[in-house]
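Student: Sharing target-v1.pdb, PDB, C-alpha atoms, pLDDT in the B column:
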ATOM      1  CA  MET A 193     123.836  88.371 117.447  1.00 89.00           C
ATOM      2  CA  LEU A 194     123.204  89.037 113.747  1.00 97.00           C
ATOM      3  CA  HIS A 195     126.334  89.045 111.621  1.00 98.00           C
ATOM      4  CA  ILE A 196     126.179  89.268 107.816  1.00 98.00           C
ATOM      5  CA  GLU A 197     129.445  88.869 105.978  1.00 97.00           C
ATOM      6  CA  ASP A 198     129.979  89.686 102.273  1.00 97.00           C
ATOM      7  CA  LEU A 199     126.420  88.594 101.386  1.00 98.00           C
ATOM      8  CA  GLN A 200     125.572  88.256  97.699  1.00 98.00           C
ATOM      9  CA  VAL A 201     122.072  87.292  96.565  1.00 98.00           C
ATOM     10  CA  LYS A 202     120.268  86.602  93.309  1.00 97.00           C
ATOM     11  CA  LEU A 203     116.547  86.574  92.566  1.00 96.00           C
ATOM     12  CA  GLY A 204     116.163  84.567  89.396  1.00 94.00           C
ATOM     13  CA  ASP A 205     119.017  85.637  87.136  1.00 94.00           C
ATOM     14  CA  LYS A 206     119.331  89.104  88.651  1.00 95.00           C
ATOM     15  CA  GLU A 207     121.885  90.003  91.308  1.00 96.00           C
ATOM     16  CA  ILE A 208     119.970  92.018  93.898  1.00 97.00           C
ATOM     17  CA  LEU A 209     122.340  92.224  96.887  1.00 97.00           C
ATOM     18  CA  LYS A 210     126.063  92.856  96.525  1.00 96.00           C
ATOM     19  CA  HIS A 211     128.693  92.310  99.221  1.00 96.00           C
ATOM     20  CA  ILE A 212     126.497  93.206 102.188  1.00 97.00           C
ATOM     21  CA  ASP A 213     128.186  93.490 105.589  1.00 97.00           C
ATOM     22  CA  LEU A 214     125.925  94.122 108.565  1.00 97.00           C
ATOM     23  CA  ASP A 215     126.112  93.630 112.329  1.00 97.00           C
ATOM     24  CA  ILE A 216     123.256  94.112 114.783  1.00 96.00           C
ATOM     25  CA  LYS A 217     124.131  93.597 118.431  1.00 94.00           C
ATOM     26  CA  PRO A 218     121.723  92.634 121.228  1.00 92.00           C
ATOM     27  CA  GLY A 219     119.611  95.633 122.177  1.00 92.00           C
ATOM     28  CA  GLU A 220     120.244  97.523 118.923  1.00 94.00           C
ATOM     29  CA  THR A 221     117.684  98.796 116.421  1.00 95.00           C
ATOM     30  CA  HIS A 222     118.725  99.705 112.879  1.00 97.00           C
ATOM     31  CA  ILE A 223     116.725 101.688 110.324  1.00 96.00           C
ATOM     32  CA  LEU A 224     117.140 100.810 106.635  1.00 96.00           C
ATOM     33  CA  PHE A 225     116.471 103.490 104.026  1.00 94.00           C
ATOM     34  CA  GLY A 226     116.552 103.219 100.244  1.00 90.00           C
ATOM     35  CA  PRO A 227     114.530 103.955  97.105  1.00 89.00           C
ATOM     36  CA  ASN A 228     112.108 101.446  95.613  1.00 88.00           C
ATOM     37  CA  GLY A 229     113.863  98.510  94.013  1.00 89.00           C
ATOM     38  CA  SER A 230     117.094  98.983  95.960  1.00 91.00           C
ATOM     39  CA  GLY A 231     116.929  95.549  97.619  1.00 94.00           C
ATOM     40  CA  LYS A 232     115.618  96.405 101.096  1.00 95.00           C
ATOM     41  CA  THR A 233     112.813  93.837 101.176  1.00 96.00           C
ATOM     42  CA  SER A 234     115.121  91.311  99.515  1.00 97.00           C
ATOM     43  CA  LEU A 235     117.584  91.707 102.383  1.00 97.00           C
ATOM     44  CA  LEU A 236     114.888  91.037 104.978  1.00 98.00           C
ATOM     45  CA  MET A 237     113.535  88.059 103.033  1.00 97.00           C
ATOM     46  CA  THR A 238     117.050  86.645 102.717  1.00 98.00           C
ATOM     47  CA  ILE A 239     117.640  87.004 106.471  1.00 98.00           C
ATOM     48  CA  MET A 240     114.297  85.254 107.032  1.00 98.00           C
ATOM     49  CA  GLY A 241     115.338  82.462 104.675  1.00 97.00           C
ATOM     50  CA  TYR A 242     112.940  82.519 101.727  1.00 96.00           C
ATOM     51  CA  PRO A 243     114.347  80.030  99.187  1.00 96.00           C
ATOM     52  CA  GLN A 244     113.723  82.131  96.051  1.00 97.00           C
ATOM     53  CA  TYR A 245     116.448  84.488  97.301  1.00 97.00           C
ATOM     54  CA  LYS A 246     119.542  82.524  96.359  1.00 97.00           C
ATOM     55  CA  VAL A 247     122.675  83.238  98.381  1.00 97.00           C
ATOM     56  CA  THR A 248     125.570  83.090  95.921  1.00 97.00           C
ATOM     57  CA  GLY A 249     128.258  84.278  98.307  1.00 97.00           C
ATOM     58  CA  GLY A 250     128.887  85.255 101.895  1.00 97.00           C
ATOM     59  CA  LYS A 251     127.413  84.084 105.201  1.00 98.00           C
ATOM     60  CA  ILE A 252     124.644  84.945 107.664  1.00 98.00           C
ATOM     61  CA  PHE A 253     125.196  84.163 111.337  1.00 98.00           C
ATOM     62  CA  PHE A 254     122.609  84.451 114.100  1.00 98.00           C
ATOM     63  CA  LYS A 255     123.424  83.778 117.751  1.00 96.00           C
ATOM     64  CA  GLY A 256     126.770  82.458 116.578  1.00 94.00           C
ATOM     65  CA  GLU A 257     125.171  79.864 114.287  1.00 96.00           C
ATOM     66  CA  ASP A 258     125.547  79.780 110.502  1.00 98.00           C
ATOM     67  CA  ILE A 259     121.983  80.138 109.175  1.00 98.00           C
ATOM     68  CA  THR A 260     122.908  80.922 105.555  1.00 97.00           C
ATOM     69  CA  HIS A 261     121.050  77.894 104.197  1.00 95.00           C
ATOM     70  CA  MET A 262     118.718  77.212 107.119  1.00 97.00           C
ATOM     71  CA  PRO A 263     114.982  76.944 106.211  1.00 97.00           C
ATOM     72  CA  VAL A 264     112.481  79.603 107.284  1.00 96.00           C
ATOM     73  CA  ASN A 265     110.848  77.549 110.036  1.00 95.00           C
ATOM     74  CA  GLU A 266     114.191  76.790 111.691  1.00 97.00           C
ATOM     75  CA  ARG A 267     115.119  80.473 111.674  1.00 97.00           C
ATOM     76  CA  ALA A 268     111.778  81.303 113.286  1.00 95.00           C
ATOM     77  CA  LYS A 269     112.424  78.705 115.995  1.00 94.00           C
ATOM     78  CA  LEU A 270     115.864  80.210 116.554  1.00 96.00           C
ATOM     79  CA  GLY A 271     114.278  83.594 117.252  1.00 95.00           C
ATOM     80  CA  ILE A 272     113.773  85.573 114.027  1.00 97.00           C
ATOM     81  CA  GLY A 273     110.373  87.120 113.297  1.00 96.00           C
ATOM     82  CA  MET A 274     109.152  89.318 110.467  1.00 96.00           C
ATOM     83  CA  SER A 275     106.301  91.735 109.832  1.00 95.00           C
ATOM     84  CA  TYR A 276     105.562  91.861 106.113  1.00 93.00           C
ATOM     85  CA  GLN A 277     104.547  94.834 104.027  1.00 88.00           C
ATOM     86  CA  ARG A 278     101.895  92.828 102.173  1.00 87.00           C
ATOM     87  CA  PRO A 279     101.159  89.596 104.044  1.00 92.00           C
ATOM     88  CA  PRO A 280      98.732  87.144 102.400  1.00 92.00           C
ATOM     89  CA  THR A 281      95.145  86.467 103.314  1.00 95.00           C
ATOM     90  CA  ILE A 282      94.831  82.932 104.689  1.00 95.00           C
ATOM     91  CA  HIS A 283      91.333  81.488 104.398  1.00 96.00           C
ATOM     92  CA  GLY A 284      90.352  78.701 106.762  1.00 96.00           C
ATOM     93  CA  VAL A 285      92.751  79.720 109.526  1.00 96.00           C
ATOM     94  CA  ARG A 286      91.459  82.039 112.217  1.00 96.00           C
ATOM     95  CA  THR A 287      93.675  84.744 113.654  1.00 96.00           C
ATOM     96  CA  ARG A 288      93.269  83.211 117.101  1.00 95.00           C
ATOM     97  CA  GLN A 289      94.688  79.908 115.844  1.00 95.00           C
ATOM     98  CA  MET A 290      97.731  81.625 114.361  1.00 94.00           C
ATOM     99  CA  VAL A 291      98.391  83.523 117.585  1.00 94.00           C
ATOM    100  CA  GLU A 292      98.134  80.281 119.572  1.00 93.00           C
ATOM    101  CA  ILE A 293     100.625  78.622 117.195  1.00 91.00           C
ATOM    102  CA  CYS A 294     103.054  81.544 117.488  1.00 91.00           C
ATOM    103  CA  ALA A 295     102.768  81.628 121.270  1.00 90.00           C
ATOM    104  CA  LYS A 296     102.910  77.829 121.678  1.00 84.00           C
ATOM    105  CA  ASN A 297      99.991  78.245 124.092  1.00 77.00           C
ATOM    106  CA  LYS A 298     102.202  80.152 126.541  1.00 82.00           C
ATOM    107  CA  VAL A 299     100.163  83.368 126.496  1.00 85.00           C
ATOM    108  CA  ASP A 300      96.501  84.314 126.353  1.00 90.00           C
ATOM    109  CA  PRO A 301      95.481  85.474 122.826  1.00 91.00           C
ATOM    110  CA  ASP A 302      92.621  87.519 124.258  1.00 93.00           C
ATOM    111  CA  ALA A 303      94.930  89.495 126.543  1.00 93.00           C
ATOM    112  CA  LEU A 304      97.387  90.200 123.706  1.00 91.00           C
ATOM    113  CA  ALA A 305      94.609  91.189 121.312  1.00 94.00           C
ATOM    114  CA  ALA A 306      93.150  93.609 123.857  1.00 93.00           C
ATOM    115  CA  GLU A 307      96.493  95.435 124.017  1.00 90.00           C
ATOM    116  CA  LEU A 308      96.293  96.070 120.271  1.00 90.00           C
ATOM    117  CA  ASN A 309      92.563  96.826 120.213  1.00 90.00           C
ATOM    118  CA  PHE A 310      92.185  93.706 118.077  1.00 94.00           C
ATOM    119  CA  SER A 311      89.847  91.451 120.057  1.00 95.00           C
ATOM    120  CA  GLU A 312      87.014  91.557 117.523  1.00 95.00           C
ATOM    121  CA  PHE A 313      89.276  90.147 114.797  1.00 96.00           C
ATOM    122  CA  LEU A 314      90.455  86.988 116.572  1.00 96.00           C
ATOM    123  CA  GLU A 315      87.688  84.791 115.131  1.00 96.00           C
ATOM    124  CA  ARG A 316      88.151  86.063 111.578  1.00 97.00           C
ATOM    125  CA  ASP A 317      90.327  84.399 108.955  1.00 97.00           C
ATOM    126  CA  ILE A 318      93.828  85.856 108.838  1.00 96.00           C
ATOM    127  CA  ASN A 319      93.783  89.244 107.058  1.00 95.00           C
ATOM    128  CA  SER A 320      90.445  88.499 105.391  1.00 95.00           C
ATOM    129  CA  GLY A 321      88.805  91.853 104.673  1.00 94.00           C
ATOM    130  CA  PHE A 322      91.252  93.678 106.943  1.00 93.00           C
ATOM    131  CA  SER A 323      92.204  97.288 106.274  1.00 90.00           C
ATOM    132  CA  GLY A 324      95.873  98.308 105.992  1.00 88.00           C
ATOM    133  CA  GLY A 325      96.045  99.255 109.658  1.00 89.00           C
ATOM    134  CA  GLU A 326      94.245  96.098 110.742  1.00 92.00           C
ATOM    135  CA  ILE A 327      96.702  93.953 108.786  1.00 93.00           C
ATOM    136  CA  LYS A 328      99.615  95.675 110.512  1.00 91.00           C
ATOM    137  CA  ARG A 329      98.026  95.113 113.916  1.00 92.00           C
ATOM    138  CA  SER A 330      97.486  91.450 113.021  1.00 94.00           C
ATOM    139  CA  GLU A 331     101.172  91.143 112.128  1.00 94.00           C
ATOM    140  CA  LEU A 332     102.212  92.793 115.398  1.00 94.00           C
ATOM    141  CA  LEU A 333      99.903  90.519 117.367  1.00 95.00           C
ATOM    142  CA  GLN A 334     101.586  87.473 115.861  1.00 95.00           C
ATOM    143  CA  LEU A 335     105.070  88.908 116.474  1.00 94.00           C
ATOM    144  CA  THR A 336     104.187  89.683 120.077  1.00 93.00           C
ATOM    145  CA  ALA A 337     103.033  86.095 120.565  1.00 94.00           C
ATOM    146  CA  GLN A 338     106.151  84.733 118.858  1.00 94.00           C
ATOM    147  CA  ASP A 339     108.434  86.749 121.176  1.00 92.00           C
ATOM    148  CA  SER A 340     111.352  86.758 118.713  1.00 94.00           C
ATOM    149  CA  ASP A 341     114.824  88.053 119.496  1.00 95.00           C
ATOM    150  CA  LEU A 342     115.390  89.622 116.055  1.00 97.00           C
ATOM    151  CA  LEU A 343     112.442  91.547 114.624  1.00 97.00           C
ATOM    152  CA  LEU A 344     112.320  92.499 110.943  1.00 97.00           C
ATOM    153  CA  PHE A 345     109.799  95.152 109.870  1.00 96.00           C
ATOM    154  CA  ASP A 346     109.088  95.869 106.197  1.00 95.00           C
ATOM    155  CA  GLU A 347     107.620  99.388 106.012  1.00 92.00           C
ATOM    156  CA  PRO A 348     105.386  99.208 109.094  1.00 91.00           C
ATOM    157  CA  GLU A 349     103.853 102.626 108.219  1.00 85.00           C
ATOM    158  CA  SER A 350     102.776 101.551 104.709  1.00 82.00           C
ATOM    159  CA  GLY A 351      99.010 101.784 104.152  1.00 79.00           C
ATOM    160  CA  VAL A 352      98.357 102.877 107.730  1.00 82.00           C
ATOM    161  CA  ASP A 353      96.208 105.853 108.736  1.00 81.00           C
ATOM    162  CA  LEU A 354      97.273 108.357 111.382  1.00 78.00           C
ATOM    163  CA  GLU A 355      95.171 106.750 114.110  1.00 78.00           C
ATOM    164  CA  ASN A 356      96.733 103.324 113.596  1.00 82.00           C
ATOM    165  CA  ILE A 357     100.301 104.583 113.175  1.00 87.00           C
ATOM    166  CA  VAL A 358     100.326 105.764 116.798  1.00 88.00           C
ATOM    167  CA  LEU A 359      99.269 102.339 118.063  1.00 88.00           C
ATOM    168  CA  ILE A 360     101.617 100.511 115.693  1.00 90.00           C
ATOM    169  CA  GLY A 361     104.580 102.769 116.414  1.00 90.00           C
ATOM    170  CA  ASN A 362     104.157 102.414 120.154  1.00 90.00           C
ATOM    171  CA  ARG A 363     103.820  98.644 119.898  1.00 91.00           C
ATOM    172  CA  ILE A 364     106.993  98.337 117.817  1.00 93.00           C
ATOM    173  CA  SER A 365     108.803 100.478 120.364  1.00 92.00           C
ATOM    174  CA  HIS A 366     107.536  98.149 123.092  1.00 91.00           C
ATOM    175  CA  LEU A 367     108.551  94.991 121.211  1.00 92.00           C
ATOM    176  CA  LEU A 368     112.050  96.383 120.742  1.00 92.00           C
ATOM    177  CA  GLN A 369     112.196  97.333 124.436  1.00 87.00           C
ATOM    178  CA  ARG A 370     112.591 100.995 123.491  1.00 77.00           C
ATOM    179  CA  ASP A 371     109.930 102.129 125.941  1.00 63.00           C
ATOM    180  CA  PHE A 372     111.652 100.560 128.945  1.00 51.00           C
ATOM    181  CA  LYS A 373     112.350 103.007 131.748  1.00 51.00           C
ATOM    182  CA  ILE A 374     116.119 103.073 131.884  1.00 49.00           C
ATOM    183  CA  ASP A 375     118.177 104.986 134.431  1.00 52.00           C
ATOM    184  CA  PRO A 376     119.542 108.059 132.573  1.00 53.00           C
ATOM    185  CA  GLU A 377     122.657 108.018 134.739  1.00 59.00           C
ATOM    186  CA  LYS A 378     123.735 104.678 133.286  1.00 59.00           C
ATOM    187  CA  THR A 379     126.200 104.535 130.420  1.00 58.00           C
ATOM    188  CA  GLN A 380     125.113 103.615 126.895  1.00 56.00           C
ATOM    189  CA  LYS A 381     126.806 100.229 127.318  1.00 58.00           C
ATOM    190  CA  GLU A 382     124.876  99.589 130.537  1.00 58.00           C
ATOM    191  CA  ARG A 383     121.631 100.632 128.874  1.00 57.00           C
ATOM    192  CA  LEU A 384     122.142  98.249 125.962  1.00 54.00           C
ATOM    193  CA  LYS A 385     122.605  95.375 128.398  1.00 61.00           C
ATOM    194  CA  GLU A 386     119.079  95.958 129.661  1.00 72.00           C
ATOM    195  CA  ARG A 387     117.733  95.387 126.155  1.00 83.00           C
ATOM    196  CA  THR A 388     117.950  92.022 124.436  1.00 88.00           C
ATOM    197  CA  LYS A 389     115.730  92.474 121.368  1.00 93.00           C
ATOM    198  CA  MET A 390     117.172  93.509 118.012  1.00 95.00           C
ATOM    199  CA  GLY A 391     115.375  95.272 115.177  1.00 96.00           C
ATOM    200  CA  LEU A 392     115.877  95.992 111.490  1.00 97.00           C
ATOM    201  CA  ILE A 393     113.224  98.332 110.122  1.00 97.00           C
ATOM    202  CA  ILE A 394     112.625  99.434 106.538  1.00 95.00           C
ATOM    203  CA  THR A 395     111.023 102.870 106.263  1.00 90.00           C
ATOM    204  CA  HIS A 396     110.169 105.246 103.437  1.00 81.00           C
ATOM    205  CA  THR A 397     108.201 107.892 105.292  1.00 80.00           C
ATOM    206  CA  GLY A 398     110.382 108.064 108.411  1.00 84.00           C
ATOM    207  CA  PHE A 399     107.239 108.243 110.569  1.00 84.00           C
ATOM    208  CA  ILE A 400     108.437 105.306 112.659  1.00 89.00           C
ATOM    209  CA  LEU A 401     111.221 107.539 114.017  1.00 91.00           C
ATOM    210  CA  ASP A 402     108.550 109.547 115.832  1.00 89.00           C
ATOM    211  CA  TYR A 403     107.861 106.530 118.057  1.00 89.00           C
ATOM    212  CA  LEU A 404     111.212 104.940 118.761  1.00 88.00           C
ATOM    213  CA  THR A 405     114.885 105.735 119.011  1.00 88.00           C
ATOM    214  CA  ALA A 406     117.192 103.801 116.719  1.00 92.00           C
ATOM    215  CA  ASP A 407     120.913 103.212 117.082  1.00 93.00           C
ATOM    216  CA  LYS A 408     121.961 103.328 113.449  1.00 94.00           C
ATOM    217  CA  GLY A 409     120.572 104.269 110.072  1.00 94.00           C
ATOM    218  CA  GLN A 410     121.810 102.755 106.812  1.00 93.00           C
ATOM    219  CA  VAL A 411     121.074 103.366 103.138  1.00 93.00           C
ATOM    220  CA  LEU A 412     120.751 100.519 100.649  1.00 93.00           C
ATOM    221  CA  TYR A 413     121.159 101.664  97.050  1.00 91.00           C
ATOM    222  CA  ASN A 414     121.279  99.366  94.018  1.00 91.00           C
ATOM    223  CA  GLY A 415     121.881  96.377  96.259  1.00 94.00           C
ATOM    224  CA  VAL A 416     124.797  97.964  98.120  1.00 93.00           C
ATOM    225  CA  LEU A 417     124.951  99.391 101.659  1.00 92.00           C
ATOM    226  CA  VAL A 418     126.486 102.786 100.974  1.00 87.00           C
ATOM    227  CA  CYS A 419     125.993 104.825 104.135  1.00 84.00           C
ATOM    228  CA  ALA A 420     125.730 104.374 107.902  1.00 87.00           C
ATOM    229  CA  SER A 421     124.980 107.214 110.312  1.00 88.00           C
ATOM    230  CA  ASN A 422     122.433 108.643 112.727  1.00 92.00           C
ATOM    231  CA  PRO A 423     119.019 107.639 111.315  1.00 93.00           C
ATOM    232  CA  ARG A 424     117.416 111.034 111.853  1.00 92.00           C
ATOM    233  CA  GLU A 425     120.304 112.775 110.108  1.00 91.00           C
ATOM    234  CA  ILE A 426     120.044 110.379 107.157  1.00 90.00           C
ATOM    235  CA  PHE A 427     116.311 110.939 106.909  1.00 91.00           C
ATOM    236  CA  ARG A 428     116.694 114.717 107.018  1.00 90.00           C
ATOM    237  CA  THR A 429     119.277 114.534 104.231  1.00 88.00           C
ATOM    238  CA  ILE A 430     117.085 112.288 102.086  1.00 88.00           C
ATOM    239  CA  SER A 431     114.060 114.524 102.645  1.00 87.00           C
ATOM    240  CA  LYS A 432     116.030 117.626 101.679  1.00 87.00           C
ATOM    241  CA  VAL A 433     118.183 116.516  98.728  1.00 86.00           C
ATOM    242  CA  GLY A 434     117.010 113.011  97.800  1.00 84.00           C
ATOM    243  CA  TYR A 435     118.804 109.678  97.651  1.00 83.00           C
ATOM    244  CA  GLU A 436     121.152 110.367  94.751  1.00 77.00           C
ATOM    245  CA  GLU A 437     122.701 113.406  96.403  1.00 70.00           C
ATOM    246  CA  CYS A 438     122.898 111.515  99.687  1.00 70.00           C
ATOM    247  CA  ILE A 439     124.707 108.643  97.948  1.00 69.00           C
ATOM    248  CA  ARG A 440     127.065 110.999  96.107  1.00 70.00           C
ATOM    249  CA  CYS A 441     128.156 112.564  99.394  1.00 63.00           C
ATOM    250  CA  ALA A 442     128.604 109.145 101.017  1.00 57.00           C
ATOM    251  CA  ILE A 443     130.818 107.924  98.190  1.00 57.00           C
TER     252      ILE A 443
END
Show this structure as structure tokens.
Tutor:
Amino acid sequence: MLHIEDLQVKLGDKEILKHIDLDIKPGETHILFGPNGSGKTSLLMTIMGYPQYKVTGGKIFFKGEDITHMPVNERAKLGIGMSYQRPPTIHGVRTRQMVEICAKNKVDPDALAAELNFSEFLERDINSGFSGGEIKRSELLQLTAQDSDLLLFDEPESGVDLENIVLIGNRISHLLQRDFKIDPEKTQKERLKERTKMGLIITHTGFILDYLTADKGQVLYNGVLVCASNPREIFRTISKVGYEECIRCAI
């Protein structure tokens, strides 16, 4: 459902993504590792369609449609949603209003907020005075209401205390249908058919792996995808020997 082919991207005059090839099938969750400045957030922002990230080569397809030059709002309507590492504060717009917009009045904001222990924040302006964990819960509330098919998460553990990480991790697992009770006797192919949501998650700490199972881990280094393997194995390697040694072995 997400197919990226030979993607090349510039931010200003700097080339930040180089010949990226990536496929995420329905039901799959991918974890994206990489040091600061490697282009991870840029990849997510390019998939989401932010115009400052100029595609200079390659294509992005979603649900079989070429979205390479599609605006952000059209991609959201098509079923792509994103949780940002540092979302802005929006004065004059209450959180409840944003949730209603995302849900198109199809779900009850109060019921969704209760699931995230967020009811007391619905009447406050979006992210105004929120802590790191509260901002993440606000983002997840909006994503839940949006009910996207492809979910992009930019460091969901960043700035979150241990109490909130449990709630956030479990909610992400739920959004990606990773907490569904699936018959263990079914084959992997049969299990994937029972999931429809796709995820691409950036992580530095690896804490998110304590709350969900992912299908593939990949390392982005200097704008290039250099490694693809089991996400827990990649994280153990990075934790033990660092990125440069991990990249050297991959090459």
Student: I'd like the contact shell of A:Ala337 - 7 Å cut-off, all atoms listed in the file, skipping same-chain residues fewer than 6 positions apart - returned as number ranges by chain.
Tutor: A: 291, 294-295
Student: Considering all atoms listed in the file, return as a list in words whatever protein or nucleic-acid residues lie within 10 Å of A:Phe225, sequence-local ones (same chain, fewer than 6 positions apart) excluded.
Tutor: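 Non-adjacent residues within range: Lys232, Glu347, Ile393, Ile394, Thr395, His396, Thr397, Gly398, Gly409, Gln410, Val411, Leu412, Tyr413, Leu417, Cys419, Pro423, Ile426, Phe427, Ile430 and Tyr435 of chain A.
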Student: Excluding same-chain residues fewer than 6 positions from stretch 306-310 of chain A, what lies within 10 Å of it counting all atoms listed in the file, as a list in words?
Tutor: Glu326, Arg329, Ser330, Leu332, Leu333, Asn356, Leu359, Ile360 and Arg363 of chain A
Student: Go ahead and save the residues from that selection, with C-alpha atoms, as a CSV table (one decimal), in the frame of the given file.
Tutor:
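Okay, this is what ended up in out-v2.csv:
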chain,number,residue,atom,x,y,z
A,326,GLU,CA,94.2,96.1,110.7
A,329,ARG,CA,98.0,95.1,113.9
A,330,SER,CA,97.5,91.4,113.0
A,332,LEU,CA,102.2,92.8,115.4
A,333,LEU,CA,99.9,90.5,117.4
A,356,ASN,CA,96.7,103.3,113.6
A,359,LEU,CA,99.3,102.3,118.1
A,360,ILE,CA,101.6,100.5,115.7
A,363,ARG,CA,103.8,98.6,119.9
Student: Taking the file as I've supplied it (selection: the PyMOL selection byres ((chain A and resi 213) around 9)), which residues are included? Please answer as a list in words.
Tutor: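 Against this file, the PyMOL selection byres ((chain A and resi 213) around 9) returns the residues His195, Ile196, Glu197, Asp198, Leu199, His211, Ile212, Leu214, Asp215 and Leu417 of chain A.
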Student: Mind telling me what the PyMOL selection byres ((chain A and resi 248) around 9) catches here, as a VMD selection string?
Tutor: chain A and resid 199 to 202 246 to 247 249 to 250
Student: Calculate how many Å separate atom CA of A:Gly231 from atom CA of A:Val416, rounding to one decimal.
Tutor: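 About the pair atom CA of A:Gly231 and atom CA of A:Val416: they are 8.2 Å apart.
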Student: Smallest atom-to-atom distance to A:Asp353: which of A:Leu335, A:Gly415, A:Phe313, A:Phe399, using all atoms listed in the file?
Tutor: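 Using all atoms listed in the file, the shortest distance to A:Asp353 belongs to A:Phe399.
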Student: So what do you get for atom CA of A:Arg288 versus atom CA of A:Asp339, distance-wise?
Tutor: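 Separation of atom CA of A:Arg288 and atom CA of A:Asp339: 16.1 Å.
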Student: Selection in question (the file shown): the PyMOL selection byres ((chain A and resi 367) around 9). Which residues does it include, as an NGL selection string?
Tutor: :A and (332 or 335-336 or 339 or 343 or 362-366 or 368-371 or 389)
Student: Just the number, please: distance in Å from atom CA of A:Glu355 to atom CA of A:Gly273, one decimal.
Tutor: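 Value for the atom CA of A:Glu355-atom CA of A:Gly273 distance: 24.8 Å.
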Student: May I have the residues within 10 Å of A:Gly241 as a list in words, using only C-alpha atoms and disregarding those fewer than 6 positions away in the same chain?
Tutor: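 Non-adjacent residues within range: Leu235, Val247, Ile259, Thr260, His261, Met262, Pro263, Val264, Asn265, Glu266, Arg267, Ala268 and Ile272 of chain A.
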Student: What lies within 10 Å of A:Ile293 using all atoms listed in the file, ignoring chain neighbours under 4 positions off, as a PyMOL selection string?
Tutor: chain A and resi 287-289+297-298+334+337-338
Student: Using only C-alpha atoms, pick whichever of A:Leu224, A:Lys328, A:Val358, A:Leu236 has the shortest atom-to-atom distance to A:Ser421.
Tutor: A:Leu224
Student: Using only C-alpha atoms, which of the listed residues (A:Ser431, A:Glu331, A:Arg286, A:Gly226) sits closest to A:Glu312?
Tutor: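 Between A:Ser431, A:Glu331, A:Arg286, A:Gly226, the residue approaching A:Glu312 most closely is A:Arg286.
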Student: Taking into account all atoms listed in the file, which residue in the set A:Leu194, A:Met390, A:Leu304, A:Ala420 is nearest to A:Lys251?
Tutor: A:Leu194
